[in-house]
Amino acid sequence: MVGIVVALYSEAEKLLTRVENLKEITMADKKAYFCKLNGKDTIIAISGIGKVNAAITTQLLIDKYSPDFILNFGTCGGTNKSVEILKYYVVTKCAQFDFDLRELDGVPLGYIQDYDTVFFPTYTRGLETLEKSVLASSDRFTDNQIDIDNINEMGASIRDMEGGAIAQTCTANNIPLVMIKGISDVVGSGTAQEQFYRNLKTVGEGFPDVVIKAIDAVSKTL
């Protein structure tokens with residue numbers, strides 16, 4: 001089984017039109033959909049925005065359904081010109097840039113003590129046709145220049161509000177995580193909010209083909 005975590009229904013809506021045997025369920029307070037996606041048993045869960053929502057939903061999928069891997073996809077913002085609006089990237093590793101123990105312990109921004117790391121890895125085998133990027137997450141939708149500078153200094157180029165928590169949850173459970181992000185906004189191209197609302201629909205419409213191809217490719221490598 002494939003477990004998919006998506007923050008917003010609007011991001012998953014087009015993919016749901018491509019499935020068979022659709023059955024809606026509720027996990028805790030999260031909507032989820034059992035289905036066949038390109039012949040594979042799949043459950044697609046709508047987590048809601050934010051790291052806590054994302055972690056809860058990911059853990060529920062793992063505990064209840066033991067998927068072969070978790071796939072997270074969704075829109076995100078670019079923090080420098082190394083990424084392009086309306087393009088899709090496979091994420092190679094994730095951090096949480098609002099997790100900050102620098103003043104307490106003198107560790108790097110995003111450092112997670114229990115895991116002795118800033119970044120959590122993702123699974124990218126079979127996805128060589130997609131360009132790669134590094135993700136940093138926080139519980140805020142931000143255009144703040146301090147945040148942008150911090151993300152870039154960490155070595156990340158894209159930001160969202162869920163990925164770092166999903167990656168930590170998958171690492172804790174020793175389950176592969178595939179993460180694909182579509183760029184809705186890039187710093188220097190207008191406000192993040194204006195770009196996000198302008199591009200959300202277009203990015204969402206491109207996800208089904210990208211996600212289905214990724215699931216097929218990854219399934220052959222596990």
# chains A, B, ... in the order shown; residues from 1 in each chain; ligands from 1
>>> closest_atom_pairs(of="stretch 48-144 of chain A", to="stretch 4-24 of chain A", cutoff="6 Å", atoms="only C-alpha atoms", output="Markdown table")
| residue | atom | partner | partner_atom | distance |
| --- | --- | --- | --- | --- |
| A:Gly48 | CA | A:Ala7 | CA | 4.6 |
| A:Ile49 | CA | A:Ala7 | CA | 5.3 |
| A:Ile70 | CA | A:Ile4 | CA | 5.6 |
| A:Leu71 | CA | A:Ile4 | CA | 4.7 |
| A:Asn72 | CA | A:Val5 | CA | 4.9 |
| A:Phe73 | CA | A:Val6 | CA | 5.9 |
>>> write_last_selection(atoms="N, CA and C atoms", output="PDB file, in the first residue's frame")
ATOM      1  N   GLY A  48      -4.291  18.849   6.654  1.00  0.00           N
ATOM      2  CA  GLY A  48      -4.409  20.216   7.135  1.00  0.00           C
ATOM      3  C   GLY A  48      -3.029  20.848   7.169  1.00  0.00           C
ATOM      4  N   ILE A  49      -3.009  22.174   7.309  1.00  0.00           N
ATOM      5  CA  ILE A  49      -1.768  22.925   7.258  1.00  0.00           C
ATOM      6  C   ILE A  49      -1.009  22.831   8.583  1.00  0.00           C
ATOM      7  N   ILE A  70       5.647   6.368   2.387  1.00  0.00           N
ATOM      8  CA  ILE A  70       4.821   7.574   2.455  1.00  0.00           C
ATOM      9  C   ILE A  70       5.244   8.497   1.321  1.00  0.00           C
ATOM     10  N   LEU A  71       4.269   9.087   0.665  1.00  0.00           N
ATOM     11  CA  LEU A  71       4.536  10.116  -0.338  1.00  0.00           C
ATOM     12  C   LEU A  71       3.828  11.388   0.084  1.00  0.00           C
ATOM     13  N   ASN A  72       4.579  12.451   0.162  1.00  0.00           N
ATOM     14  CA  ASN A  72       4.015  13.775   0.425  1.00  0.00           C
ATOM     15  C   ASN A  72       4.201  14.643  -0.811  1.00  0.00           C
ATOM     16  N   PHE A  73       3.115  15.275  -1.242  1.00  0.00           N
ATOM     17  CA  PHE A  73       3.269  16.255  -2.309  1.00  0.00           C
ATOM     18  C   PHE A  73       2.453  17.491  -1.974  1.00  0.00           C
TER      19      PHE A  73
END
>>> closest_residue(among="A:Gly188, A:Gly182, A:Gly155, A:Pro108", to="A:Val211", atoms="only C-alpha atoms")
A:Gly182
>>> closest_residue(among="A:Gln168, A:Thr221, A:Thr142, A:Thr202", to="A:Ala55", atoms="only C-alpha atoms")
A:Gln168
>>> select_by_dssp(residues="stretch 42-127 of chain A", states="alpha helix (DSSP H)", output="list of chain:residue names")
A:Lys51, A:Val52, A:Asn53, A:Ala54, A:Ala55, A:Ile56, A:Thr57, A:Thr58, A:Gln59, A:Leu60, A:Leu61, A:Ile62, A:Asp63, A:Lys64, A:Tyr65, A:Arg102, A:Glu103, A:Leu104, A:Asp105
>>> select_by_dssp(residues="stretch 156-222 of chain A", states="strand (DSSP E)", output="PyMOL selection string")
chain A and resi 158-160+177-186
>>> residues_around(residues="A:Asp216", least_positions_apart="6", cutoff="10 Å", atoms="only C-alpha atoms", output="PDB file with C-alpha atoms, in the first residue's frame")
ATOM      1  CA  LEU A  37      -4.244   4.590  -7.985  1.00  0.00           C
ATOM      2  CA  ASN A  38      -2.877   3.219 -11.222  1.00  0.00           C
ATOM      3  CA  GLY A  39      -3.646  -0.278  -9.932  1.00  0.00           C
ATOM      4  CA  LYS A  40      -2.002   0.192  -6.518  1.00  0.00           C
ATOM      5  CA  GLY A 126      13.906   5.959  -9.308  1.00  0.00           C
ATOM      6  CA  LEU A 127      13.227   9.698  -9.458  1.00  0.00           C
TER       7      LEU A 127
END
>>> residues_around(residues="A:Lys31", least_positions_apart="2", cutoff="10 Å", atoms="only C-alpha atoms", output="list in words")
Tyr9, Glu24, Ile25, Thr26, Met27, Ala28, Asp29, Tyr33, Ile44, Ala45, Ile46, Ser47, Gly48 and Thr57 of chain A
>>> write_last_selection(atoms="N, CA, C and O atoms", output="PDB file, in the first residue's frame")
ATOM      1  N   TYR A   9      -6.961  19.842   0.556  1.00  0.00           N
ATOM      2  CA  TYR A   9      -7.799  19.108  -0.400  1.00  0.00           C
ATOM      3  C   TYR A   9      -7.613  19.666  -1.801  1.00  0.00           C
ATOM      4  O   TYR A   9      -7.596  18.906  -2.783  1.00  0.00           O
ATOM      5  N   GLU A  24     -14.303   7.247   1.105  1.00  0.00           N
ATOM      6  CA  GLU A  24     -13.883   8.249   2.075  1.00  0.00           C
ATOM      7  C   GLU A  24     -14.008   7.717   3.494  1.00  0.00           C
ATOM      8  O   GLU A  24     -14.993   7.061   3.845  1.00  0.00           O
ATOM      9  N   ILE A  25     -13.002   7.994   4.315  1.00  0.00           N
ATOM     10  CA  ILE A  25     -13.029   7.623   5.726  1.00  0.00           C
ATOM     11  C   ILE A  25     -12.546   8.827   6.548  1.00  0.00           C
ATOM     12  O   ILE A  25     -12.117   9.838   5.991  1.00  0.00           O
ATOM     13  N   THR A  26     -12.622   8.697   7.863  1.00  0.00           N
ATOM     14  CA  THR A  26     -12.082   9.706   8.768  1.00  0.00           C
ATOM     15  C   THR A  26     -11.115   9.030   9.726  1.00  0.00           C
ATOM     16  O   THR A  26     -11.432   8.007  10.333  1.00  0.00           O
ATOM     17  N   MET A  27      -9.916   9.601   9.860  1.00  0.00           N
ATOM     18  CA  MET A  27      -8.926   9.138  10.833  1.00  0.00           C
ATOM     19  C   MET A  27      -8.744  10.268  11.832  1.00  0.00           C
ATOM     20  O   MET A  27      -8.277  11.353  11.454  1.00  0.00           O
ATOM     21  N   ALA A  28      -9.081  10.006  13.117  1.00  0.00           N
ATOM     22  CA  ALA A  28      -9.138  11.111  14.075  1.00  0.00           C
ATOM     23  C   ALA A  28     -10.041  12.167  13.448  1.00  0.00           C
ATOM     24  O   ALA A  28     -11.179  11.884  13.134  1.00  0.00           O
ATOM     25  N   ASP A  29      -9.544  13.385  13.214  1.00  0.00           N
ATOM     26  CA  ASP A  29     -10.388  14.377  12.543  1.00  0.00           C
ATOM     27  C   ASP A  29      -9.933  14.645  11.116  1.00  0.00           C
ATOM     28  O   ASP A  29     -10.286  15.667  10.525  1.00  0.00           O
ATOM     29  N   TYR A  33      -8.880   8.923   1.950  1.00  0.00           N
ATOM     30  CA  TYR A  33      -9.560   8.263   0.846  1.00  0.00           C
ATOM     31  C   TYR A  33      -8.822   6.991   0.477  1.00  0.00           C
ATOM     32  O   TYR A  33      -7.669   7.036   0.026  1.00  0.00           O
ATOM     33  N   ILE A  44      -5.035   8.206   0.602  1.00  0.00           N
ATOM     34  CA  ILE A  44      -4.668   9.616   0.476  1.00  0.00           C
ATOM     35  C   ILE A  44      -5.283  10.361   1.650  1.00  0.00           C
ATOM     36  O   ILE A  44      -6.507  10.396   1.797  1.00  0.00           O
ATOM     37  N   ALA A  45      -4.448  10.960   2.503  1.00  0.00           N
ATOM     38  CA  ALA A  45      -4.927  11.631   3.706  1.00  0.00           C
ATOM     39  C   ALA A  45      -4.698  13.128   3.595  1.00  0.00           C
ATOM     40  O   ALA A  45      -3.623  13.574   3.188  1.00  0.00           O
ATOM     41  N   ILE A  46      -5.708  13.901   3.973  1.00  0.00           N
ATOM     42  CA  ILE A  46      -5.624  15.362   3.971  1.00  0.00           C
ATOM     43  C   ILE A  46      -5.292  15.801   5.388  1.00  0.00           C
ATOM     44  O   ILE A  46      -6.128  15.723   6.295  1.00  0.00           O
ATOM     45  N   SER A  47      -4.078  16.276   5.583  1.00  0.00           N
ATOM     46  CA  SER A  47      -3.600  16.531   6.942  1.00  0.00           C
ATOM     47  C   SER A  47      -4.074  17.857   7.516  1.00  0.00           C
ATOM     48  O   SER A  47      -4.224  18.000   8.731  1.00  0.00           O
ATOM     49  N   GLY A  48      -4.291  18.849   6.654  1.00  0.00           N
ATOM     50  CA  GLY A  48      -4.409  20.216   7.135  1.00  0.00           C
ATOM     51  C   GLY A  48      -3.029  20.848   7.169  1.00  0.00           C
ATOM     52  O   GLY A  48      -1.998  20.173   7.074  1.00  0.00           O
ATOM     53  N   THR A  57      -1.055  13.060  11.059  1.00  0.00           N
ATOM     54  CA  THR A  57      -1.606  12.319   9.935  1.00  0.00           C
ATOM     55  C   THR A  57      -0.649  11.239   9.449  1.00  0.00           C
ATOM     56  O   THR A  57      -1.062  10.108   9.160  1.00  0.00           O
TER      57      THR A  57
END
>>> residues_around(residues="A:Val218", least_positions_apart="3", cutoff="12 Å", atoms="only C-alpha atoms", output="short mmCIF file (atom, residue, chain, number, x, y, z; two decimals) with all heavy atoms, in the first residue's frame")
data_model
loop_
_atom_site.label_atom_id
_atom_site.label_comp_id
_atom_site.auth_asym_id
_atom_site.auth_seq_id
_atom_site.Cartn_x
_atom_site.Cartn_y
_atom_site.Cartn_z
N VAL A 2 0.38 2.28 -0.68
CA VAL A 2 1.04 3.58 -0.70
C VAL A 2 0.26 4.53 0.20
O VAL A 2 -0.97 4.62 0.11
CB VAL A 2 1.09 4.16 -2.12
CG1 VAL A 2 1.78 5.52 -2.12
CG2 VAL A 2 1.80 3.20 -3.07
N ASP A 68 3.92 0.77 2.39
CA ASP A 68 5.29 0.46 1.97
C ASP A 68 6.15 1.71 2.00
O ASP A 68 7.36 1.64 2.26
CB ASP A 68 5.28 -0.13 0.56
CG ASP A 68 4.51 -1.43 0.50
OD1 ASP A 68 4.68 -2.27 1.41
OD2 ASP A 68 3.73 -1.61 -0.45
N PHE A 69 5.55 2.85 1.68
CA PHE A 69 6.24 4.13 1.79
C PHE A 69 5.20 5.24 1.90
O PHE A 69 4.03 5.05 1.57
CB PHE A 69 7.20 4.38 0.61
CG PHE A 69 6.55 4.47 -0.75
CD1 PHE A 69 6.18 5.70 -1.29
CD2 PHE A 69 6.34 3.32 -1.51
CE1 PHE A 69 5.60 5.78 -2.54
CE2 PHE A 69 5.76 3.40 -2.77
CZ PHE A 69 5.39 4.63 -3.28
N ILE A 70 5.65 6.37 2.39
CA ILE A 70 4.82 7.57 2.45
C ILE A 70 5.24 8.50 1.32
O ILE A 70 6.43 8.66 1.05
CB ILE A 70 5.01 8.31 3.80
CG1 ILE A 70 4.49 7.46 4.96
CG2 ILE A 70 4.32 9.68 3.77
CD1 ILE A 70 2.99 7.31 5.03
N LEU A 71 4.27 9.09 0.66
CA LEU A 71 4.54 10.12 -0.34
C LEU A 71 3.83 11.39 0.08
O LEU A 71 2.63 11.37 0.37
CB LEU A 71 4.07 9.68 -1.72
CG LEU A 71 4.45 10.63 -2.87
CD1 LEU A 71 4.73 9.86 -4.15
CD2 LEU A 71 3.36 11.67 -3.14
N VAL A 90 11.87 16.93 -6.64
CA VAL A 90 11.93 15.89 -5.63
C VAL A 90 12.86 16.39 -4.52
O VAL A 90 13.95 16.89 -4.79
CB VAL A 90 12.40 14.54 -6.21
CG1 VAL A 90 13.78 14.64 -6.85
CG2 VAL A 90 12.40 13.47 -5.12
N THR A 122 15.19 11.86 2.63
CA THR A 122 14.04 11.33 1.91
C THR A 122 14.53 10.28 0.92
O THR A 122 15.73 10.10 0.72
CB THR A 122 13.28 12.43 1.16
OG1 THR A 122 14.19 13.07 0.26
CG2 THR A 122 12.71 13.45 2.12
N TYR A 123 13.60 9.61 0.29
CA TYR A 123 13.90 8.52 -0.64
C TYR A 123 13.77 9.06 -2.07
O TYR A 123 12.71 9.59 -2.44
CB TYR A 123 12.93 7.36 -0.42
CG TYR A 123 13.29 6.10 -1.15
CD1 TYR A 123 14.12 5.15 -0.56
CD2 TYR A 123 12.78 5.83 -2.42
CE1 TYR A 123 14.44 3.97 -1.22
CE2 TYR A 123 13.10 4.66 -3.10
CZ TYR A 123 13.93 3.73 -2.48
OH TYR A 123 14.25 2.57 -3.15
N THR A 124 14.82 8.93 -2.86
CA THR A 124 14.81 9.49 -4.21
C THR A 124 15.14 8.49 -5.31
O THR A 124 15.18 8.86 -6.48
CB THR A 124 15.79 10.67 -4.31
OG1 THR A 124 17.13 10.20 -4.05
CG2 THR A 124 15.44 11.77 -3.31
N ARG A 125 15.36 7.23 -4.96
CA ARG A 125 15.70 6.24 -5.98
C ARG A 125 14.55 6.10 -6.98
O ARG A 125 13.38 6.03 -6.62
CB ARG A 125 15.99 4.88 -5.34
CG ARG A 125 17.31 4.82 -4.61
CD ARG A 125 17.55 3.42 -4.05
NE ARG A 125 17.60 2.42 -5.12
CZ ARG A 125 17.54 1.10 -4.90
NH1 ARG A 125 17.42 0.63 -3.67
NH2 ARG A 125 17.61 0.26 -5.91
N GLY A 126 14.90 6.07 -8.25
CA GLY A 126 13.91 5.96 -9.31
C GLY A 126 13.38 7.29 -9.80
O GLY A 126 12.63 7.35 -10.77
N LEU A 127 13.77 8.38 -9.13
CA LEU A 127 13.23 9.70 -9.46
C LEU A 127 14.28 10.60 -10.08
O LEU A 127 14.23 11.82 -9.94
CB LEU A 127 12.66 10.34 -8.19
CG LEU A 127 11.56 9.53 -7.50
CD1 LEU A 127 11.15 10.19 -6.20
CD2 LEU A 127 10.36 9.36 -8.42
N GLU A 128 15.20 10.01 -10.80
CA GLU A 128 16.32 10.77 -11.36
C GLU A 128 15.88 11.77 -12.43
O GLU A 128 16.62 12.70 -12.76
CB GLU A 128 17.36 9.80 -11.95
CG GLU A 128 18.13 9.02 -10.90
CD GLU A 128 17.35 7.83 -10.32
OE1 GLU A 128 16.30 7.49 -10.90
OE2 GLU A 128 17.80 7.28 -9.30
N PRO A 176 10.31 4.63 4.32
CA PRO A 176 10.76 5.55 3.27
C PRO A 176 9.75 6.68 3.04
O PRO A 176 8.53 6.47 3.09
CB PRO A 176 10.85 4.65 2.03
CG PRO A 176 10.97 3.26 2.56
CD PRO A 176 10.17 3.24 3.83
N LEU A 177 10.29 7.86 2.78
CA LEU A 177 9.47 9.02 2.46
C LEU A 177 9.89 9.58 1.12
O LEU A 177 11.06 9.90 0.90
CB LEU A 177 9.64 10.11 3.53
CG LEU A 177 9.07 11.50 3.18
CD1 LEU A 177 7.55 11.45 3.02
CD2 LEU A 177 9.49 12.53 4.22
N VAL A 178 8.92 9.72 0.23
CA VAL A 178 9.11 10.38 -1.05
C VAL A 178 8.40 11.73 -0.97
O VAL A 178 7.25 11.80 -0.53
CB VAL A 178 8.53 9.55 -2.21
CG1 VAL A 178 8.65 10.30 -3.53
CG2 VAL A 178 9.23 8.20 -2.28
N MET A 179 9.07 12.79 -1.39
CA MET A 179 8.49 14.13 -1.27
C MET A 179 8.66 14.88 -2.58
O MET A 179 9.77 15.04 -3.08
CB MET A 179 9.15 14.90 -0.13
CG MET A 179 8.48 16.21 0.19
SD MET A 179 9.18 16.98 1.68
CE MET A 179 8.62 15.84 2.96
N VAL A 211 2.90 12.68 -9.75
CA VAL A 211 2.77 11.77 -8.61
C VAL A 211 2.62 10.32 -9.07
O VAL A 211 3.25 9.41 -8.52
CB VAL A 211 1.59 12.20 -7.72
CG1 VAL A 211 1.25 11.11 -6.70
CG2 VAL A 211 1.91 13.51 -7.01
N ILE A 212 1.79 10.09 -10.07
CA ILE A 212 1.58 8.72 -10.55
C ILE A 212 2.87 8.14 -11.10
O ILE A 212 3.24 6.98 -10.82
CB ILE A 212 0.46 8.69 -11.61
CG1 ILE A 212 -0.89 8.95 -10.93
CG2 ILE A 212 0.43 7.35 -12.35
CD1 ILE A 212 -2.03 9.21 -11.90
N LYS A 213 3.60 8.92 -11.87
CA LYS A 213 4.89 8.45 -12.39
C LYS A 213 5.88 8.16 -11.25
O LYS A 213 6.63 7.18 -11.29
CB LYS A 213 5.48 9.49 -13.35
CG LYS A 213 4.75 9.59 -14.67
CD LYS A 213 5.36 10.68 -15.55
CE LYS A 213 4.60 10.83 -16.86
NZ LYS A 213 5.14 11.94 -17.69
N ALA A 214 5.87 9.02 -10.23
CA ALA A 214 6.77 8.82 -9.10
C ALA A 214 6.44 7.54 -8.33
O ALA A 214 7.34 6.79 -7.95
CB ALA A 214 6.70 10.02 -8.18
N ILE A 215 5.16 7.29 -8.11
CA ILE A 215 4.77 6.08 -7.37
C ILE A 215 5.21 4.83 -8.15
O ILE A 215 5.74 3.88 -7.57
CB ILE A 215 3.25 6.07 -7.14
CG1 ILE A 215 2.89 7.14 -6.10
CG2 ILE A 215 2.77 4.69 -6.68
CD1 ILE A 215 1.39 7.35 -5.92
N THR A 221 11.67 0.14 -7.08
CA THR A 221 12.98 0.16 -6.40
C THR A 221 12.94 -0.41 -5.00
O THR A 221 13.99 -0.64 -4.40
CB THR A 221 13.55 1.59 -6.33
OG1 THR A 221 12.77 2.36 -5.41
CG2 THR A 221 13.55 2.25 -7.70
N LEU A 222 11.76 -0.60 -4.44
CA LEU A 222 11.64 -1.06 -3.04
C LEU A 222 11.52 -2.58 -2.96
O LEU A 222 10.99 -3.21 -3.88
CB LEU A 222 10.42 -0.41 -2.39
CG LEU A 222 10.51 1.11 -2.15
CD1 LEU A 222 9.17 1.66 -1.69
CD2 LEU A 222 11.58 1.41 -1.11
#
>>> closest_residue(among="A:Val186, A:Tyr88, A:Asp100, A:Asp149", to="A:Asp209", atoms="only C-alpha atoms")
A:Tyr88
>>> atom_distance(atom1="atom CA of A:Leu109", atom2="atom CA of A:Ile148")
13.1 Å
>>> residues_around(residues="A:Gly77", least_positions_apart="6", cutoff="10 Å", atoms="only C-alpha atoms", output="list in words")
Val83, Glu84, Ile85, Leu135, Phe141, Thr142, Asp143, Ser157, Ile158, Arg159, Asp160, Lys181, Gly182, Ile183, Ser184, Asp185, Val186, Val187, Ala192, Gln193, Gln195 and Phe196 of chain A
>>> closest_atom_pairs(of="stretch 116-162 of chain A", to="stretch 95-99 of chain A", cutoff="10 Å", atoms="only C-alpha atoms", output="Markdown table")
| residue | atom | partner | partner_atom | distance |
| --- | --- | --- | --- | --- |
| A:Thr117 | CA | A:Ala95 | CA | 8.9 |
| A:Val118 | CA | A:Ala95 | CA | 5.8 |
| A:Phe119 | CA | A:Ala95 | CA | 4.6 |
| A:Phe120 | CA | A:Ala95 | CA | 6.4 |
| A:Pro121 | CA | A:Ala95 | CA | 9.2 |
| A:Val134 | CA | A:Ala95 | CA | 8.5 |
| A:Leu135 | CA | A:Ala95 | CA | 6.4 |
| A:Ala136 | CA | A:Ala95 | CA | 4.7 |
| A:Ser137 | CA | A:Gln96 | CA | 4.6 |
| A:Ser138 | CA | A:Asp98 | CA | 5.2 |
| A:Asp139 | CA | A:Asp98 | CA | 7.3 |
| A:Arg140 | CA | A:Asp98 | CA | 8.7 |
| A:Asp147 | CA | A:Phe97 | CA | 8.0 |
| A:Ile148 | CA | A:Phe97 | CA | 9.9 |
| A:Asn150 | CA | A:Phe97 | CA | 7.5 |
| A:Ile151 | CA | A:Phe97 | CA | 6.8 |
| A:Met154 | CA | A:Phe97 | CA | 8.4 |
| A:Gly155 | CA | A:Ala95 | CA | 10.0 |
| A:Ala156 | CA | A:Ala95 | CA | 8.4 |
| A:Arg159 | CA | A:Phe97 | CA | 9.1 |
| A:Asp160 | CA | A:Gln96 | CA | 9.5 |
| A:Met161 | CA | A:Gln96 | CA | 8.9 |
| A:Glu162 | CA | A:Gln96 | CA | 9.0 |
>>> closest_residue(among="A:Lys132, A:Gly164, A:Ser82, A:Lys87", to="A:Tyr111", atoms="only C-alpha atoms")
A:Gly164
>>> atom_distance(atom1="atom CA of A:Val91", atom2="atom CA of A:Ile175")
15.8 Å
>>> atom_distance(atom1="atom CA of A:Ser66", atom2="atom CA of A:Gly3")
8.4 Å
